[in-house]
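Notes follow the structure.
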2 protein chains.
Amino acid sequence: MNISQAAAASGVSAKMIRHYEAIGLVQKPRRSSANYRVYGEADVHVLRFVRAARELGFSMGQIGELLDLWRDRRRPSRKVKALVTAHLRELERRIAELQAMKSTLEQLAHHCHGDDRPDCPILERLGGGA
Amino acid sequence: MNISQAAAASGVSAKMIRHYEAIGLVQKPRRSSANYRVYGEADVHVLRFVRAARELGFSMGQIGELLDLWRDRRRPSRKVKALVTAHLRELERRIAELQAMKSTLEQLAHHCHGDDRPDCPILERLGGGA
DNA sequence: CTTGACCTTCCCATGATGGGAAGGTAAAGA
DNA sequence: TCTTTACCTTCCCATCATGGGAAGGTCAAG
C-alpha cells in the first residue's frame, strides 16, 4: 500500500501519517525502490487505533502510551484504566470551564435587548462593570 | 505607566500586551524618549476588556469586533447579542463534543477491570473492536 | 559608577493540522 | 515509446494564544 491507500484505509490523512512518523508515534515503514513508503495491514491497524484515540480526545503523548500498552500483551489493565481516568478528569475540567463561560454569557445575553439601542450588559461587564 | 505596570494593572502579561499591539488588536501606545511604551488608564481599561473577553472564551477576532462595538457609542445592541449568541453556539458545540468523549470513555472504563489482568475493553475498542 | 531590574526587538516552541512548492516516479492511454 | 496524469518525496509556512529566552539598551538606587 502507498501512503494514500493507507490513508484511505485508516481514515488518517497522508499528511498526518508522515507527521506521526516524524514524531516517532508510529514506526517508519519500509520504502520501495523509489523511496515510497510501503504499508501493510498491521500499519493500517495502528493508524486506525491512533485515529480512534484522537477522536476520544487523547493527546499524542497519551496515544503513545496507549500504543505501548496495546502492543504489550502482558500489560496490567490497571495502567490502561489509570490513563483513561486521568483523561476523564481532564475532560471534566474542560467541560466545567466551558460550562462556566456558557452560563455567564447566557445570563448576560438574556439581559441584552438585542435591538437598536446601544446599551448592553455584555459590554458593560467586559468593560469592567463587574 | 511602563508595560509591566500596565500588565500588573490589567492582568495581561507584558508579552501578550506587545502581541496584541503587533496584531493590531490594541493601539500602539506612545513611546518615552528611551523608546519605552507608555500606557495610561484608558489603555489599561482596554486591556482589562480584552482579558475579560478571553476569559469568556472569545477568539481574538471576536474580541476585535467586541472592542469596535464597545468603542462605538451608537452600536445597536443587536450586533453585540448576535456575536455573543454565535459564540454560545460554538461553546455548546464544544461542550457536546467533550461530553460525547466523556460518555464513551466512562462506559469503557466502567467495564475495564483495572487490575493485573491484561484484557481491557478500552484497548479492544481502540484497536477496532467496535 | 556599578548593579540589578527594567525595557526593546527578534527568534523559537507549543499541539494537531493543513497548504503548497519543487522535484522525482508510476501507471495508463495514444 | 511517449505523454499525461496522478501520485510520491522533502521542506517550509500558517494556524491560535501563549510563553521562553537571547542580545542589547536604559533607569534608579546603592
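In the C-alpha cells, the first chain shown is A, the next is B, and so on; residue numbers restart at 1 for each chain, and ligands run from 1 in the order shown.
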Contacts of chain C with chain B up to 12 Å, shortest pair per row, only C-alpha atoms (C1' of nucleotides), as JSON lines:
```
{"residue": "C:DA5", "atom": "C1'", "partner": "B:Ser4", "partner_atom": "CA", "distance": 11.5}
{"residue": "C:DC6", "atom": "C1'", "partner": "B:Ser4", "partner_atom": "CA", "distance": 8.8}
{"residue": "C:DC7", "atom": "C1'", "partner": "B:Tyr36", "partner_atom": "CA", "distance": 6.2}
{"residue": "C:DT8", "atom": "C1'", "partner": "B:Tyr36", "partner_atom": "CA", "distance": 7.4}
{"residue": "C:DT9", "atom": "C1'", "partner": "B:Arg18", "partner_atom": "CA", "distance": 10.9}
```
Next, the residues of the selection above should be written as a CSV table (one decimal), in the first residue's frame with N, CA and C atoms (P, O5', C5', C4', C3', O3' and C1' of nucleotides).
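That gives us selection-v9.csv:
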```csv
chain,number,residue,atom,x,y,z
C,5,DA,P,17.2,42.2,40.9
C,5,DA,O5',16.0,43.1,40.2
C,5,DA,C5',15.7,44.4,40.7
C,5,DA,C4',15.1,45.2,39.6
C,5,DA,C3',14.1,44.4,38.7
C,5,DA,O3',13.0,45.2,38.5
C,5,DA,C1',15.7,45.5,37.3
C,6,DC,P,11.5,44.6,38.2
C,6,DC,O5',11.0,45.5,37.0
C,6,DC,C5',11.2,45.2,35.7
C,6,DC,C4',11.7,46.4,35.0
C,6,DC,C3',11.4,46.5,33.5
C,6,DC,O3',10.1,47.1,33.4
C,6,DC,C1',13.7,47.1,33.8
C,7,DC,P,9.2,46.7,32.2
C,7,DC,O5',10.0,47.2,30.9
C,7,DC,C5',9.9,48.5,30.5
C,7,DC,C4',10.9,48.8,29.4
C,7,DC,C3',10.6,48.0,28.1
C,7,DC,O3',9.7,48.8,27.3
C,7,DC,C1',12.9,47.9,28.6
C,8,DT,P,9.0,48.1,26.1
C,8,DT,O5',10.2,47.8,25.1
C,8,DT,C5',10.6,48.9,24.3
C,8,DT,C4',11.8,48.5,23.4
C,8,DT,C3',11.4,47.4,22.4
C,8,DT,O3',10.8,48.0,21.3
C,8,DT,C1',13.5,46.9,23.4
C,9,DT,P,9.8,47.2,20.4
C,9,DT,O5',10.8,46.2,19.6
C,9,DT,C5',11.9,46.8,18.8
C,9,DT,C4',12.9,45.7,18.3
C,9,DT,C3',12.2,44.7,17.4
C,9,DT,O3',13.0,44.5,16.2
C,9,DT,C1',13.3,43.6,19.3
```
What's around DG18 of chain C at 12 Å? Count only C-alpha atoms (C1' of nucleotides), leave out sequence neighbours fewer than 6 positions away in its own chain, and write the answer as a CSV table (one decimal) with C-alpha atoms (C1' of nucleotides), in the first residue's frame.
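The result, written out as selection_16.csv:
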```csv
chain,number,residue,atom,x,y,z
A,13,SER,CA,-4.6,11.8,6.2
A,14,ALA,CA,-1.3,11.1,4.4
A,15,LYS,CA,-0.1,14.4,5.9
A,16,MET,CA,-0.7,13.2,9.4
A,19,HIS,CA,3.7,13.6,10.9
D,13,DC,C1',4.9,28.1,6.3
D,14,DA,C1',0.4,29.0,8.7
D,15,DT,C1',-3.0,28.5,12.2
```
Note to self: For DT5 of chain D, find every residue with an atom within 12 Å (counting only C-alpha atoms (C1' of nucleotides)), except residues of its own chain fewer than 4 positions away, and show them as a PyMOL selection string.
What the structure shows: chain C and resi 25-29
Give me, as CSV, the closest atom pair and its distance (Å, one decimal) for every residue of chain B within a cut-off of 9 Å of chain A, counting only C-alpha atoms, rows sorted by chain and rising number.
```
residue,atom,partner,partner_atom,distance
B:His45,CA,A:Gly127,CA,7.1
B:Val46,CA,A:Gly127,CA,7.5
B:Arg48,CA,A:Gly128,CA,7.1
B:Phe49,CA,A:Leu126,CA,5.1
B:Val50,CA,A:Leu126,CA,7.8
B:Arg51,CA,A:Leu126,CA,8.5
B:Ala52,CA,A:Leu126,CA,5.6
B:Ala53,CA,A:Leu126,CA,6.3
B:Glu55,CA,A:Met101,CA,7.7
B:Leu56,CA,A:Met101,CA,5.1
B:Gly57,CA,A:Met101,CA,6.9
B:Leu66,CA,A:Leu123,CA,7.7
B:Leu67,CA,A:Leu123,CA,8.8
B:Leu69,CA,A:Leu123,CA,8.3
B:Trp70,CA,A:Leu123,CA,6.2
B:Asp72,CA,A:Pro118,CA,8.7
B:Arg73,CA,A:Pro118,CA,6.6
B:Arg74,CA,A:Pro118,CA,5.7
B:Arg75,CA,A:Pro118,CA,5.0
B:Pro76,CA,A:Asp116,CA,4.2
B:Ser77,CA,A:Gly114,CA,4.8
B:Arg78,CA,A:Gly114,CA,3.6
B:Lys79,CA,A:Gly114,CA,7.1
B:Val80,CA,A:Gly114,CA,7.3
B:Lys81,CA,A:Gly114,CA,5.5
B:Ala82,CA,A:Gly114,CA,7.7
B:Val84,CA,A:Ala109,CA,7.0
B:Thr85,CA,A:Ala109,CA,7.5
B:His87,CA,A:Lys102,CA,8.9
B:Leu88,CA,A:Lys102,CA,6.3
B:Leu91,CA,A:Leu98,CA,6.5
B:Glu92,CA,A:Lys102,CA,7.7
B:Arg94,CA,A:Leu98,CA,8.0
B:Ile95,CA,A:Ile95,CA,5.8
B:Ala96,CA,A:Ile95,CA,8.8
B:Leu98,CA,A:Leu91,CA,6.5
B:Gln99,CA,A:Ile95,CA,7.4
B:Ala100,CA,A:Leu56,CA,8.4
B:Met101,CA,A:Leu56,CA,5.1
B:Lys102,CA,A:Leu88,CA,6.2
B:Thr104,CA,A:Leu56,CA,8.0
B:Leu105,CA,A:Val84,CA,7.2
B:Glu106,CA,A:Leu88,CA,7.7
B:Ala109,CA,A:Lys81,CA,6.1
B:Cys112,CA,A:Lys81,CA,6.7
B:His113,CA,A:Ser77,CA,6.6
B:Gly114,CA,A:Arg78,CA,3.7
B:Asp115,CA,A:Arg78,CA,4.6
B:Asp116,CA,A:Pro76,CA,4.2
B:Arg117,CA,A:Pro76,CA,5.2
B:Pro118,CA,A:Pro76,CA,4.8
B:Asp119,CA,A:Ser77,CA,6.3
B:Cys120,CA,A:Ser77,CA,5.8
B:Ile122,CA,A:Val80,CA,7.6
B:Leu123,CA,A:Trp70,CA,6.1
B:Glu124,CA,A:Trp70,CA,8.5
B:Arg125,CA,A:Ala52,CA,8.4
B:Leu126,CA,A:Phe49,CA,5.1
B:Gly127,CA,A:Phe49,CA,5.1
B:Gly128,CA,A:Phe49,CA,6.8
```
Could you please take those selected residues and save C-alpha atoms as a short mmCIF file (atom, residue, chain, number, x, y, z; two decimals), in the first residue's frame?
```cif
data_model
loop_
_atom_site.label_atom_id
_atom_site.label_comp_id
_atom_site.auth_asym_id
_atom_site.auth_seq_id
_atom_site.Cartn_x
_atom_site.Cartn_y
_atom_site.Cartn_z
CA HIS B 45 -9.12 49.67 30.64
CA VAL B 46 -8.93 48.26 27.13
CA ARG B 48 -8.88 44.55 31.04
CA PHE B 49 -11.67 44.33 28.48
CA VAL B 50 -9.57 42.01 26.36
CA ARG B 51 -8.73 39.84 29.32
CA ALA B 52 -12.34 39.57 30.40
CA ALA B 53 -13.34 38.58 26.88
CA GLU B 55 -11.79 34.51 29.95
CA LEU B 56 -15.19 34.08 28.39
CA GLY B 57 -13.60 32.17 25.53
CA LEU B 66 -16.33 43.48 20.53
CA LEU B 67 -13.81 46.26 21.03
CA LEU B 69 -18.67 47.79 19.29
CA TRP B 70 -17.58 48.89 22.74
CA ASP B 72 -18.94 52.83 19.13
CA ARG B 73 -21.42 54.59 21.35
CA ARG B 74 -24.07 54.25 18.61
CA ARG B 75 -23.78 50.46 18.27
CA PRO B 76 -27.04 48.56 18.11
CA SER B 77 -27.05 46.05 20.96
CA ARG B 78 -28.36 43.59 18.41
CA LYS B 79 -24.87 43.25 16.99
CA VAL B 80 -23.39 42.52 20.36
CA LYS B 81 -26.00 39.96 21.12
CA ALA B 82 -25.57 38.28 17.74
CA VAL B 84 -22.38 36.52 21.78
CA THR B 85 -25.03 34.13 20.55
CA HIS B 87 -20.08 32.22 20.49
CA LEU B 88 -22.60 30.45 22.68
CA LEU B 91 -19.37 26.71 23.18
CA GLU B 92 -22.32 24.36 23.11
CA ARG B 94 -17.54 22.05 22.02
CA ILE B 95 -19.24 21.00 25.22
CA ALA B 96 -21.29 18.40 23.37
CA LEU B 98 -16.34 16.71 25.03
CA GLN B 99 -19.42 15.21 26.65
CA ALA B 100 -19.58 12.58 23.94
CA MET B 101 -15.97 11.64 24.53
CA LYS B 102 -16.57 11.54 28.26
CA THR B 104 -17.83 6.82 25.74
CA LEU B 105 -14.77 6.69 27.97
CA GLU B 106 -16.84 6.27 31.08
CA ALA B 109 -13.60 2.45 31.84
CA CYS B 112 -12.27 -2.38 32.49
CA HIS B 113 -11.18 -4.40 35.50
CA GLY B 114 -8.26 -2.16 36.25
CA ASP B 115 -6.17 -4.88 37.84
CA ASP B 116 -3.24 -7.09 36.82
CA ARG B 117 -5.11 -8.82 34.06
CA PRO B 118 -4.27 -7.60 30.56
CA ASP B 119 -7.68 -7.71 28.92
CA CYS B 120 -9.34 -4.36 28.68
CA ILE B 122 -10.69 0.21 26.14
CA LEU B 123 -7.79 -1.15 24.11
CA GLU B 124 -10.11 -3.53 22.32
CA ARG B 125 -12.31 -0.69 21.27
CA LEU B 126 -9.40 1.46 20.10
CA GLY B 127 -7.98 -1.49 18.25
CA GLY B 128 -11.02 -1.64 16.05
#
```
Checklist line | Computed interatomic separation between atom CA of Tyr39 of chain A and atom C1' of DA21 of chain C (Å) | finding: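 We find that atom CA of Tyr39 of chain A and atom C1' of DA21 of chain C lie 26.0 Å from each other.
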